[in-house]
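**Student:** Structure in structure tokens, see below.
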Amino acid sequence: MTLTSLTVKNIGHNWLRTMLTVAGVGIAIFAFVFIRTLTGAWEAGVENAAQDRLSTMHKVTFVMPLPKRYFGEFDGSKGKIAGVQASTYLNWFGAKHPVRESEFFANLAVDTDTFFDVYREMAVPPDRLAAWKENRQGAIIGEALANQFGWKVGDEITLVGTIYPGDWKFKIEGIYTATAKSVDRAQFLFHWDYLNDSLPEQRRDQIGWIASLVDDPSRAATISQAIDDGFDGEDVQTRTMSEKAMNMEFLGGASALLGALDFVSFVILVIMMLILGNTIAMGVRERTHEYGVLLALGFRPKHIATFVLGEGVTIGLLGGGFGLLLAYPLVEKGVGRWLEENMGAWFPYFSIPPKIAVMALVLAAALAAVAALIPAWRASKLDVIDALRRLG
Amino acid sequence: MSDAKVHEENRGDESRHDDKPARKAANKPVIECKGITRSFWRAKERVDVLSDLDLEIEEGSFDALMGPSGSGKTTLLNLIAGLDRPTAGRLLVAGTEVSAMGDAALAKWRSQTIGFVFQHFNLIPVLTALENVELPLLLTKVPASERKKRAQIALRVVGLEDRLHHRPQQLSGGQEQRVGIARAIVHDPKIIVADEPTGELDRKSADDVLNLLDKLNREFDKTILMVTHDPAAAERARVVHKLDKGRLT
Ligand SMILES: Nc1ncnc2c1ncn2[C@@H]1O[C@H](COP(=O)(O)OP(=O)(O)O)[C@@H](O)[C@H]1O
Ligand SMILES: [Mg+2]
């Protein structure tokens with residue numbers, strides 16, 4: 001036995017209370033880790049959003065389409081717009097799974113020739129890509145979506161249209177993987193032509209928006225302006241911005257909420273600290289007599305204070321460890337998987353950053369130490385005779 | 001251990017029986033109280049719990065301190081053990097003027113010179129017998145393996161070598177008190193103070209504990225000062241001091 005092991009053994013005085021306290025600290029740490037991971041993932045979505053990819057949409061609202069001929073102005077080979085490397089066009093299809101209709105996923109009608117030139121952080125095996133381009137009803141889906149619905153290459157599936165009513169039949173030709181964390185891994189991509197050809201005459205040749213890759217991200221704003229200026233004289237004017245700028249605009253409203261959540265995560269820890277402080281103080285009061293015995297044997301007030309602090313830190317670390325133990329399966333496998341699969345557009349990558357895990361553990365120990373400060377100080381002020389007279 | 005030979009010795013106040021076989025001719029006082037007063041203030045009123053008390057205890061003696069409840073026995077014992085300081089008077093214990101020492105020096109002195117045996121045993125519930133006994137050695141430079149060895153020896157002395165890893169809850173009262181005694185001797189102190197060590201024990205366990213104290217006194221030359229209410233316990237002592245209202249009678 002050493003002074004350190006003696007400190008640790010002290011947590012065994014009241015196992016039920018120790019376990020409840022550890023559980024309480026653990027749940028607080030779990031909440032902290034969960035909230036932090038959530039806000040972190042949200043912000044990472046913005047951070048990681050492409051700055052070199054521009055979206056050109058209807059000036060009034062992105063819900064309204066652009067004439068397809070606008071894409072002609074972009075076409076990289078024609079090189080009409082300086083600084084743009086590659087462009088593609090997409091339509092939001094908005095269809096649903098025929099049975100699990102509440103499970104949202106992004107499904108897009110895309111230009112098979114150019115899509116992957118612009119979305120370079122999505123990888124598809126070359127043979128699958130070729131098969132997809134061949135099959136007019138072919139679809140390429142993200143790995144998360146494949147997991148979610150249990151779809152495999154070769155499956156023939158039906159989606160139920162909302163914006164474009166009817167049952168739409170597809171065949172899964174390939175599965176893409178993400179090479180960057182910002183990519184939504186639950187998208188469904190199919191031929192724009194398949195959609196367009198199925199529409200009545202008056203709804204044809206309209207595209208949702210145009211995505212372009214620029215050479216130099218620092219010129220994104222200038223190039224965006226140049227694009228919009230080019231359509232200034234048209235009936236339908238455009239609005240162009242980088243994906244990052246778009247996400248930031250969208251997040252502007254959310255940032256107050258994120259800030260509030262971060263604040264709440266700290267409030268939880270402070271409450272945890274106060275409760276822990278009270279529990280430790282209770283233990284110290286109950287053990288006054290025991291501290292009297294130690295003092296009689298020649299232990300010094302600094303030893304007693306160290307025992308109390310050490311006990312607090314031990315409980316903090318145990319609770320922190322327990323919280324992380326809860327957090328990993330629940331956040332990474334449970335909520336995280338669900339968010340990635342169902343809300344991949346907002347949380348493309350939902351995982352506990354190691355930084356947060358370490359921070360949670362350090363905070364648990366540090367706050368526990370702070371919580372133990374007052375009880376430790378009081379224990380160090382005990383008078384040996386008074387303490388011995390106090391019945392344990 | 002045999003307790004047959006000790007019984008008919010030692011009775012009467014301040015009576016000395018220097019005919020014990022193992023006893024050295026030890027007359028040097030190891031505890032000297034000179035004009036000790038200890039006062040407490042209760043609602044601005046001064047209460048002299050001990051007043052102008054003189055007491056000498058010889059090295060190697062086994063003395064008992066008796067007296068009615070509230071007469072100041074514990075207060076006196078605490079002073080001698082260096083837990084407290086007198087309001088007036090001088091106190092010399094084992095050659096050191098205890099009454100003049102600061103807190104830190106006193107704590108260190110205590111941890112080297114005094115072994116404590118308490119009425120309520122006062123073992124730490126989360127520690128095993130062995131760990132409880134090892135406790136005083138944590139304050140020394142004795143290395144861990146040696147600490148454990150010494151704790152084992154002390155537990156052997158009290159006859160609990162087969163209970164090393166039991167916790168206090170798993171021991172009987174008598175066994176707990178024997179662990180308490182092992183803890184009091186593990187650091188080889190000169191003096192053992194015991195405040196009503198048999199107060200919570202049945203006759204049989206009490207006798208075991210008294211036999212043990214007797215053995216420590218005879219075989220290990222410990223000076224023992226024991227507060228007790230129990231006449232049977234006082235019989236074991238060489239000298240019995242009677243305290244009443246803060247004065248020796
Ligand atoms: N710290 C203290 N403060 C005030 N009064 C005390 C204190 N310690 C002891 N006393 C009083 O001194 C008297 C003697 O106490 P004590 O030495 O414990 O008696 P005993 O051990 O003989 O029963 C009691 O009246 C007790 O209330
Ligand atoms: Mg008493």
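Lettering and numbering for the structure tokens are positional, with chains as A, B, ... in the shown order, residues counted from 1 in each chain, and ligands counted from 1 in the shown order.
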Check every protein, DNA and RNA residue against ligand 1, keep those with an atom at most 6 Å away (counting only C-alpha atoms and all ligand atoms), and present them as a list of chain:residue names.

**Tutor:**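 Counting only C-alpha atoms and all ligand atoms, the residues within 6 Å of ligand 1 come out as B:Phe40, B:Val49, B:Ser69, B:Gly70, B:Ser71, B:Gly72, B:Lys73, B:Thr74, B:Thr75.
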
**Student:** Starting from chain B, keep only residues with some atom at most 9 Å from an atom of chain A, counting only C-alpha atoms, and report them as a ChimeraX atom specification.

**Tutor:** /B:78,81-84,104,106-112,114-116,122-127,131,134-136,138-139,144,147-148,184

**Student:** If we count only C-alpha atoms and set the cut-off at 8 Å, which residues sit around Trp192 (chain A), ignoring sequence neighbours fewer than 4 positions away in its own chain? Please answer as a compact mmCIF listing (two decimals) with all heavy atoms, in the first residue's frame.

**Tutor:**
# COMPACT_ATOMS: atom_id res chain seq x y z
N LEU A 90 -27.58 19.77 -62.10
CA LEU A 90 -28.32 18.80 -61.28
C LEU A 90 -29.75 19.28 -61.06
O LEU A 90 -30.03 20.48 -61.09
CB LEU A 90 -27.70 18.63 -59.89
CG LEU A 90 -26.19 18.52 -59.69
CD1 LEU A 90 -25.53 19.88 -59.71
CD2 LEU A 90 -25.90 17.79 -58.39
N ASN A 91 -30.65 18.32 -60.82
CA ASN A 91 -32.00 18.65 -60.38
C ASN A 91 -32.27 17.94 -59.06
O ASN A 91 -31.93 16.77 -58.90
CB ASN A 91 -33.04 18.16 -61.38
CG ASN A 91 -33.23 19.13 -62.52
OD1 ASN A 91 -32.23 19.69 -63.00
ND2 ASN A 91 -34.45 19.32 -62.94
N ALA A 109 -31.03 14.16 -59.92
CA ALA A 109 -30.86 13.83 -61.33
C ALA A 109 -29.61 14.58 -61.80
O ALA A 109 -29.55 15.80 -61.67
CB ALA A 109 -32.08 14.28 -62.13
N VAL A 110 -28.62 13.83 -62.30
CA VAL A 110 -27.34 14.49 -62.62
C VAL A 110 -26.93 14.21 -64.05
O VAL A 110 -27.40 13.26 -64.68
CB VAL A 110 -26.22 14.02 -61.67
CG1 VAL A 110 -26.63 14.23 -60.21
CG2 VAL A 110 -25.85 12.56 -61.90
N ASP A 111 -26.02 15.03 -64.52
CA ASP A 111 -25.46 14.83 -65.85
C ASP A 111 -24.33 13.81 -65.74
O ASP A 111 -23.29 14.09 -65.14
CB ASP A 111 -24.93 16.15 -66.40
CG ASP A 111 -24.27 15.96 -67.75
OD1 ASP A 111 -24.70 15.06 -68.50
OD2 ASP A 111 -23.30 16.69 -68.03
N THR A 112 -24.56 12.62 -66.29
CA THR A 112 -23.61 11.53 -66.09
C THR A 112 -22.24 11.85 -66.68
O THR A 112 -21.23 11.38 -66.19
CB THR A 112 -24.13 10.22 -66.71
OG1 THR A 112 -24.47 10.49 -68.08
CG2 THR A 112 -25.35 9.74 -65.96
N ASN A 196 -35.66 13.91 -67.56
CA ASN A 196 -36.09 14.91 -68.53
C ASN A 196 -37.01 14.31 -69.60
O ASN A 196 -38.05 14.86 -69.92
CB ASN A 196 -34.86 15.54 -69.18
CG ASN A 196 -35.21 16.84 -69.90
OD1 ASN A 196 -35.83 17.73 -69.31
ND2 ASN A 196 -34.84 16.94 -71.17

**Student:** Out of region 77-233 of chain A, which residues get alpha helix (DSSP H) from DSSP, as an MDAnalysis selection string?

**Tutor:** chainID A and resid 115:118 126:134 143:149 192:198 220:230

**Student:** Write out the residues from the selection above, keeping N, CA and C atoms, as an mmCIF file, in the first residue's frame.

**Tutor:**
data_model
loop_
_atom_site.group_PDB
_atom_site.id
_atom_site.type_symbol
_atom_site.label_atom_id
_atom_site.label_comp_id
_atom_site.auth_asym_id
_atom_site.auth_seq_id
_atom_site.Cartn_x
_atom_site.Cartn_y
_atom_site.Cartn_z
ATOM 1 N N PHE A 115 -20.741 14.906 -64.024
ATOM 2 C CA PHE A 115 -20.933 14.966 -62.566
ATOM 3 C C PHE A 115 -19.650 14.706 -61.785
ATOM 4 N N PHE A 116 -18.976 13.599 -62.095
ATOM 5 C CA PHE A 116 -17.814 13.235 -61.281
ATOM 6 C C PHE A 116 -16.572 14.077 -61.605
ATOM 7 N N ASP A 117 -16.641 14.891 -62.658
ATOM 8 C CA ASP A 117 -15.553 15.836 -62.913
ATOM 9 C C ASP A 117 -15.596 16.965 -61.887
ATOM 10 N N VAL A 118 -16.811 17.262 -61.454
ATOM 11 C CA VAL A 118 -16.975 18.372 -60.519
ATOM 12 C C VAL A 118 -16.953 17.877 -59.071
ATOM 13 N N PRO A 126 -14.220 2.203 -61.712
ATOM 14 C CA PRO A 126 -14.399 2.569 -63.132
ATOM 15 C C PRO A 126 -15.417 1.697 -63.860
ATOM 16 N N ASP A 127 -15.405 0.370 -63.596
ATOM 17 C CA ASP A 127 -16.361 -0.486 -64.316
ATOM 18 C C ASP A 127 -17.792 -0.167 -63.921
ATOM 19 N N ARG A 128 -18.010 0.181 -62.650
ATOM 20 C CA ARG A 128 -19.348 0.533 -62.170
ATOM 21 C C ARG A 128 -19.803 1.863 -62.766
ATOM 22 N N LEU A 129 -18.830 2.777 -62.885
ATOM 23 C CA LEU A 129 -19.133 4.082 -63.460
ATOM 24 C C LEU A 129 -19.572 3.908 -64.916
ATOM 25 N N ALA A 130 -18.840 3.063 -65.613
ATOM 26 C CA ALA A 130 -19.156 2.819 -67.028
ATOM 27 C C ALA A 130 -20.543 2.191 -67.143
ATOM 28 N N ALA A 131 -20.840 1.215 -66.287
ATOM 29 C CA ALA A 131 -22.147 0.544 -66.325
ATOM 30 C C ALA A 131 -23.270 1.528 -66.056
ATOM 31 N N TRP A 132 -23.016 2.438 -65.129
ATOM 32 C CA TRP A 132 -24.029 3.451 -64.772
ATOM 33 C C TRP A 132 -24.325 4.349 -65.965
ATOM 34 N N LYS A 133 -23.237 4.785 -66.643
ATOM 35 C CA LYS A 133 -23.416 5.687 -67.784
ATOM 36 C C LYS A 133 -24.192 4.993 -68.899
ATOM 37 N N GLU A 134 -24.005 3.658 -69.028
ATOM 38 C CA GLU A 134 -24.669 2.869 -70.062
ATOM 39 C C GLU A 134 -26.169 2.751 -69.812
ATOM 40 N N GLU A 143 -22.445 4.764 -49.879
ATOM 41 C CA GLU A 143 -22.334 3.550 -49.052
ATOM 42 C C GLU A 143 -23.260 3.608 -47.834
ATOM 43 N N ALA A 144 -23.442 4.823 -47.263
ATOM 44 C CA ALA A 144 -24.301 4.933 -46.079
ATOM 45 C C ALA A 144 -25.747 4.605 -46.442
ATOM 46 N N LEU A 145 -26.168 5.073 -47.646
ATOM 47 C CA LEU A 145 -27.530 4.794 -48.103
ATOM 48 C C LEU A 145 -27.702 3.299 -48.376
ATOM 49 N N ALA A 146 -26.659 2.693 -48.967
ATOM 50 C CA ALA A 146 -26.700 1.255 -49.237
ATOM 51 C C ALA A 146 -26.902 0.491 -47.934
ATOM 52 N N ASN A 147 -26.211 0.908 -46.867
ATOM 53 C CA ASN A 147 -26.377 0.271 -45.559
ATOM 54 C C ASN A 147 -27.766 0.485 -45.015
ATOM 55 N N GLN A 148 -28.234 1.726 -45.171
ATOM 56 C CA GLN A 148 -29.504 2.109 -44.575
ATOM 57 C C GLN A 148 -30.647 1.255 -45.109
ATOM 58 N N PHE A 149 -30.690 1.087 -46.443
ATOM 59 C CA PHE A 149 -31.821 0.365 -47.038
ATOM 60 C C PHE A 149 -31.452 -1.048 -47.466
ATOM 61 N N TRP A 192 -29.957 12.464 -65.564
ATOM 62 C CA TRP A 192 -30.829 13.621 -65.773
ATOM 63 C C TRP A 192 -31.725 13.383 -66.985
ATOM 64 N N ASP A 193 -31.170 12.706 -67.981
ATOM 65 C CA ASP A 193 -31.926 12.451 -69.214
ATOM 66 C C ASP A 193 -33.165 11.602 -68.943
ATOM 67 N N TYR A 194 -33.003 10.608 -68.041
ATOM 68 C CA TYR A 194 -34.126 9.734 -67.690
ATOM 69 C C TYR A 194 -35.281 10.559 -67.140
ATOM 70 N N LEU A 195 -34.952 11.512 -66.294
ATOM 71 C CA LEU A 195 -35.970 12.393 -65.735
ATOM 72 C C LEU A 195 -36.559 13.272 -66.829
ATOM 73 N N ASN A 196 -35.662 13.912 -67.557
ATOM 74 C CA ASN A 196 -36.091 14.910 -68.534
ATOM 75 C C ASN A 196 -37.007 14.310 -69.597
ATOM 76 N N ASP A 197 -36.613 13.110 -70.082
ATOM 77 C CA ASP A 197 -37.389 12.487 -71.149
ATOM 78 C C ASP A 197 -38.760 12.020 -70.676
ATOM 79 N N SER A 198 -38.893 11.822 -69.379
ATOM 80 C CA SER A 198 -40.167 11.336 -68.861
ATOM 81 C C SER A 198 -41.153 12.463 -68.601
ATOM 82 N N ALA A 220 -13.012 32.763 -55.941
ATOM 83 C CA ALA A 220 -14.384 32.254 -56.028
ATOM 84 C C ALA A 220 -15.406 33.389 -56.109
ATOM 85 N N ALA A 221 -15.220 34.406 -55.282
ATOM 86 C CA ALA A 221 -16.195 35.500 -55.242
ATOM 87 C C ALA A 221 -16.197 36.274 -56.559
ATOM 88 N N THR A 222 -15.019 36.555 -57.085
ATOM 89 C CA THR A 222 -14.894 37.292 -58.350
ATOM 90 C C THR A 222 -15.542 36.517 -59.493
ATOM 91 N N ILE A 223 -15.231 35.223 -59.539
ATOM 92 C CA ILE A 223 -15.778 34.396 -60.620
ATOM 93 C C ILE A 223 -17.301 34.314 -60.502
ATOM 94 N N SER A 224 -17.778 34.154 -59.265
ATOM 95 C CA SER A 224 -19.232 34.115 -59.048
ATOM 96 C C SER A 224 -19.889 35.373 -59.613
ATOM 97 N N GLN A 225 -19.269 36.498 -59.340
ATOM 98 C CA GLN A 225 -19.809 37.773 -59.806
ATOM 99 C C GLN A 225 -19.839 37.809 -61.336
ATOM 100 N N ALA A 226 -18.732 37.317 -61.931
ATOM 101 C CA ALA A 226 -18.633 37.319 -63.394
ATOM 102 C C ALA A 226 -19.738 36.465 -64.003
ATOM 103 N N ILE A 227 -20.003 35.311 -63.389
ATOM 104 C CA ILE A 227 -21.063 34.428 -63.901
ATOM 105 C C ILE A 227 -22.405 35.150 -63.852
ATOM 106 N N ASP A 228 -22.712 35.700 -62.696
ATOM 107 C CA ASP A 228 -24.018 36.363 -62.543
ATOM 108 C C ASP A 228 -24.152 37.550 -63.493
ATOM 109 N N ASP A 229 -23.040 38.284 -63.685
ATOM 110 C CA ASP A 229 -23.064 39.415 -64.621
ATOM 111 C C ASP A 229 -23.413 38.943 -66.026
ATOM 112 N N GLY A 230 -22.918 37.726 -66.382
ATOM 113 C CA GLY A 230 -23.153 37.183 -67.716
ATOM 114 C C GLY A 230 -24.629 36.946 -67.994
#

**Student:** With only C-alpha atoms and all ligand atoms as the basis for distance, which of B:Lys222, B:Arg247, B:His229, B:His165 is at the shortest distance from ligand 2?

**Tutor:** B:His229

**Student:** So that I can see what lies close to Glu146 (chain B), please list as number ranges by chain the residues with an atom at most 12 Å from it, counting only C-alpha atoms and leaving out residues fewer than 3 positions away in the same chain.

**Tutor:** A: 1; B: 134, 137-138, 140-143, 149-153, 186-187

**Student:** Next, the residues of the selection above should be written as a CSV table (one decimal), in the first residue's frame with N, CA and C atoms.

**Tutor:**
chain,number,residue,atom,x,y,z
A,1,MET,N,0.8,-1.2,0.0
A,1,MET,CA,0.0,0.0,0.0
A,1,MET,C,0.9,1.3,0.0
B,134,GLU,N,-0.2,-1.3,8.4
B,134,GLU,CA,0.8,-0.7,7.7
B,134,GLU,C,0.8,0.9,7.7
B,137,LEU,N,3.4,3.3,9.0
B,137,LEU,CA,4.6,3.2,8.3
B,137,LEU,C,4.7,4.0,7.0
B,138,LEU,N,3.5,4.4,6.5
B,138,LEU,CA,3.4,5.2,5.3
B,138,LEU,C,4.1,6.6,5.5
B,140,THR,N,6.8,6.9,7.1
B,140,THR,CA,8.3,6.8,7.3
B,140,THR,C,8.9,6.5,5.9
B,141,LYS,N,10.2,6.4,6.0
B,141,LYS,CA,10.9,6.1,4.7
B,141,LYS,C,11.1,4.6,4.4
B,142,VAL,N,10.5,3.8,5.3
B,142,VAL,CA,10.6,2.4,5.2
B,142,VAL,C,10.0,1.9,3.8
B,143,PRO,N,10.8,1.2,3.0
B,143,PRO,CA,10.3,0.8,1.7
B,143,PRO,C,9.1,-0.1,1.7
B,149,LYS,N,6.2,-6.4,5.5
B,149,LYS,CA,6.8,-7.4,6.3
B,149,LYS,C,6.6,-7.1,7.8
B,150,ARG,N,6.9,-5.8,8.1
B,150,ARG,CA,6.7,-5.4,9.5
B,150,ARG,C,5.3,-5.5,10.0
B,151,ALA,N,4.4,-5.1,9.1
B,151,ALA,CA,2.9,-5.2,9.4
B,151,ALA,C,2.6,-6.7,9.7
B,152,GLN,N,3.1,-7.6,8.9
B,152,GLN,CA,2.8,-9.0,9.1
B,152,GLN,C,3.4,-9.5,10.4
B,153,ILE,N,4.6,-9.0,10.8
B,153,ILE,CA,5.2,-9.4,12.1
B,153,ILE,C,4.3,-8.9,13.2
B,186,VAL,N,3.5,-1.3,15.3
B,186,VAL,CA,4.2,-1.6,14.1
B,186,VAL,C,5.4,-0.7,13.9
B,187,HIS,N,5.3,0.6,14.3
B,187,HIS,CA,6.5,1.5,14.1
B,187,HIS,C,7.4,1.5,15.4

**Student:** Fewer than 5 positions away in the same chain doesn't count, so skip those; otherwise give me all residues within 10 Å of Ile80 (chain B), counting only C-alpha atoms, as a ChimeraX atom specification.

**Tutor:** /B:31-33,74-75,85-86,91-93,98-99,114,191,193,225

**Student:** With all heavy atoms retained, export the selected residues as a tab-separated table (two decimals), in the first residue's frame.

**Tutor:**
chain	number	residue	atom	x	y	z
B	31	ILE	N	7.65	9.69	31.41
B	31	ILE	CA	6.61	10.71	31.28
B	31	ILE	C	6.63	11.56	32.56
B	31	ILE	O	6.56	11.02	33.66
B	31	ILE	CB	5.22	10.08	31.11
B	31	ILE	CG1	5.18	9.24	29.82
B	31	ILE	CG2	4.12	11.15	31.08
B	31	ILE	CD1	3.95	8.37	29.70
B	32	GLU	N	6.78	12.85	32.41
B	32	GLU	CA	6.80	13.74	33.57
B	32	GLU	C	5.84	14.90	33.33
B	32	GLU	O	6.03	15.69	32.40
B	32	GLU	CB	8.19	14.33	33.78
B	32	GLU	CG	9.22	13.35	34.28
B	32	GLU	CD	10.60	14.00	34.35
B	32	GLU	OE1	10.86	14.73	35.31
B	32	GLU	OE2	11.37	13.80	33.40
B	33	CYS	N	4.79	14.97	34.16
B	33	CYS	CA	3.88	16.11	34.09
B	33	CYS	C	4.18	17.00	35.30
B	33	CYS	O	4.18	16.53	36.43
B	33	CYS	CB	2.43	15.64	34.19
B	33	CYS	SG	1.99	14.46	32.92
B	74	THR	N	-9.20	11.26	29.43
B	74	THR	CA	-8.86	11.36	28.01
B	74	THR	C	-8.04	12.62	27.75
B	74	THR	O	-7.09	12.61	26.97
B	74	THR	CB	-10.14	11.35	27.16
B	74	THR	OG1	-10.81	10.11	27.37
B	74	THR	CG2	-9.83	11.52	25.69
B	75	THR	N	-8.43	13.69	28.43
B	75	THR	CA	-7.70	14.94	28.26
B	75	THR	C	-6.23	14.77	28.65
B	75	THR	O	-5.33	15.20	27.93
B	75	THR	CB	-8.36	16.04	29.09
B	75	THR	OG1	-9.74	16.14	28.71
B	75	THR	CG2	-7.69	17.38	28.88
B	85	ARG	N	-1.93	20.38	23.82
B	85	ARG	CA	-0.90	21.03	24.64
B	85	ARG	C	-1.52	21.62	25.90
B	85	ARG	O	-2.66	22.10	25.87
B	85	ARG	CB	-0.20	22.12	23.83
B	85	ARG	CG	1.03	21.57	23.09
B	85	ARG	CD	1.66	22.64	22.26
B	85	ARG	NE	0.75	22.97	21.17
B	85	ARG	CZ	1.02	22.71	19.89
B	85	ARG	NH1	2.16	22.17	19.57
B	85	ARG	NH2	0.17	23.02	18.97
B	86	PRO	N	-0.81	21.56	27.01
B	86	PRO	CA	-1.37	22.07	28.26
B	86	PRO	C	-1.51	23.59	28.24
B	86	PRO	O	-0.79	24.28	27.52
B	86	PRO	CB	-0.35	21.63	29.32
B	86	PRO	CG	0.93	21.42	28.59
B	86	PRO	CD	0.56	21.04	27.19
B	91	LEU	N	5.47	19.47	30.25
B	91	LEU	CA	5.20	18.07	29.98
B	91	LEU	C	6.40	17.50	29.25
B	91	LEU	O	6.72	17.93	28.13
B	91	LEU	CB	3.93	17.96	29.14
B	91	LEU	CG	3.42	16.58	28.80
B	91	LEU	CD1	3.13	15.78	30.07
B	91	LEU	CD2	2.16	16.71	27.96
B	92	LEU	N	7.10	16.55	29.88
B	92	LEU	CA	8.24	15.90	29.23
B	92	LEU	C	7.89	14.45	28.97
B	92	LEU	O	7.50	13.72	29.88
B	92	LEU	CB	9.48	15.98	30.13
B	92	LEU	CG	10.17	17.34	30.12
B	92	LEU	CD1	10.01	18.02	31.46
B	92	LEU	CD2	11.62	17.18	29.74
B	93	VAL	N	8.00	14.08	27.73
B	93	VAL	CA	7.71	12.70	27.36
B	93	VAL	C	8.87	12.16	26.55
B	93	VAL	O	9.26	12.78	25.54
B	93	VAL	CB	6.40	12.59	26.56
B	93	VAL	CG1	6.11	11.13	26.22
B	93	VAL	CG2	5.24	13.18	27.34
B	98	VAL	N	7.23	18.15	25.23
B	98	VAL	CA	6.10	18.11	24.31
B	98	VAL	C	5.34	19.43	24.34
B	98	VAL	O	4.84	19.92	23.32
B	98	VAL	CB	5.16	16.95	24.69
B	98	VAL	CG1	3.96	16.92	23.79
B	98	VAL	CG2	5.90	15.64	24.65
B	99	SER	N	5.26	20.03	25.52
B	99	SER	CA	4.47	21.24	25.68
B	99	SER	C	5.04	22.41	24.89
B	99	SER	O	4.36	23.42	24.73
B	99	SER	CB	4.36	21.59	27.16
B	99	SER	OG	5.60	21.39	27.81
B	114	ILE	N	4.74	7.37	19.87
B	114	ILE	CA	3.50	6.96	20.52
B	114	ILE	C	2.75	5.92	19.69
B	114	ILE	O	2.66	6.04	18.47
B	114	ILE	CB	2.56	8.17	20.72
B	114	ILE	CG1	3.27	9.29	21.50
B	114	ILE	CG2	1.27	7.76	21.42
B	114	ILE	CD1	3.49	9.01	22.96
B	191	ILE	N	6.18	4.34	23.73
B	191	ILE	CA	5.05	4.44	24.64
B	191	ILE	C	3.76	4.05	23.92
B	191	ILE	O	3.54	4.44	22.77
B	191	ILE	CB	4.91	5.90	25.15
B	191	ILE	CG1	6.19	6.28	25.90
B	191	ILE	CG2	3.67	6.06	26.04
B	191	ILE	CD1	6.31	7.76	26.17
B	193	VAL	N	-0.33	4.40	24.40
B	193	VAL	CA	-1.44	4.94	25.18
B	193	VAL	C	-2.71	4.24	24.72
B	193	VAL	O	-2.93	4.06	23.52
B	193	VAL	CB	-1.59	6.47	25.04
B	193	VAL	CG1	-0.35	7.18	25.56
B	193	VAL	CG2	-1.84	6.86	23.60
B	225	LEU	N	0.34	3.31	29.10
B	225	LEU	CA	-0.57	4.07	29.94
B	225	LEU	C	-1.98	3.79	29.43
B	225	LEU	O	-2.29	4.07	28.26
B	225	LEU	CB	-0.26	5.56	29.87
B	225	LEU	CG	-1.20	6.47	30.67
B	225	LEU	CD1	-1.22	6.08	32.15
B	225	LEU	CD2	-0.77	7.93	30.53

**Student:** Env of region 363-369 of chain A: 8 Å cut, atoms = only C-alpha atoms, seq-sep filter 5 positions within chain, self excluded. Answer as a list of chain:residue names.

**Tutor:** A:Val25, A:Ile29, A:Leu269, A:Val270, A:Met273, A:Leu276, A:Gly277, A:Leu309, A:Gly310, A:Gly312, A:Val313, A:Thr314, A:Ile315, A:Gly316, A:Leu317, A:Gly319, A:Gly320

**Student:** Record the distance separating CA of Glu311 (chain A) and CA of Gln177 (chain B), expressed in Å with one decimal.

**Tutor:**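 If I compute the distance from CA of Glu311 (chain A) to CA of Gln177 (chain B), I get 27.6 Å.
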
**Student:** Go through B:Ser51, B:Ala237, B:Asp103, B:Gly89 one by one, measure the shortest atom-to-atom distance of each to Asp214 (chain B) using only C-alpha atoms, and give the residue with the smallest value.

**Tutor:**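 Comparing B:Ser51, B:Ala237, B:Asp103, B:Gly89 against Asp214 (chain B), the winner is B:Ala237.
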
**Student:** I'd like to know which residues of region 129-204 of chain B are strand (DSSP E or B) (by DSSP, run on the backbone); could you write them as JSON, numbers by chain?

**Tutor:** {"B": [191, 192, 193, 194, 195]}

**Student:** Could you save those same residues with C-alpha atoms as an mmCIF file, in the first residue's frame?

**Tutor:**
data_model
loop_
_atom_site.group_PDB
_atom_site.id
_atom_site.type_symbol
_atom_site.label_atom_id
_atom_site.label_comp_id
_atom_site.auth_asym_id
_atom_site.auth_seq_id
_atom_site.Cartn_x
_atom_site.Cartn_y
_atom_site.Cartn_z
ATOM 1 C CA ILE B 191 5.050 4.442 24.642
ATOM 2 C CA ILE B 192 1.599 2.973 24.075
ATOM 3 C CA VAL B 193 -1.436 4.937 25.180
ATOM 4 C CA ALA B 194 -4.747 3.103 25.355
ATOM 5 C CA ASP B 195 -8.020 4.897 26.046
#

**Student:** Mind pulling up the distance from CA of Ala186 (chain A) to CA of Phe104 (chain A)?

**Tutor:**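 Value for the CA of Phe104 (chain A)-CA of Ala186 (chain A) distance: 9.4 Å.
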
**Student:** Find the residue from B:Gly35, B:Gly60, B:Gly102, B:Gly199 that sits nearest to ligand 2; use only C-alpha atoms and all ligand atoms when measuring.

**Tutor:**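 With only C-alpha atoms and all ligand atoms as the atom set, the closest residue is B:Gly199.
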
**Student:** Figure out the distance between CA of Phe30 (chain A) and CA of Thr306 (chain A), please, to one decimal in Å.

**Tutor:** 27.6 Å
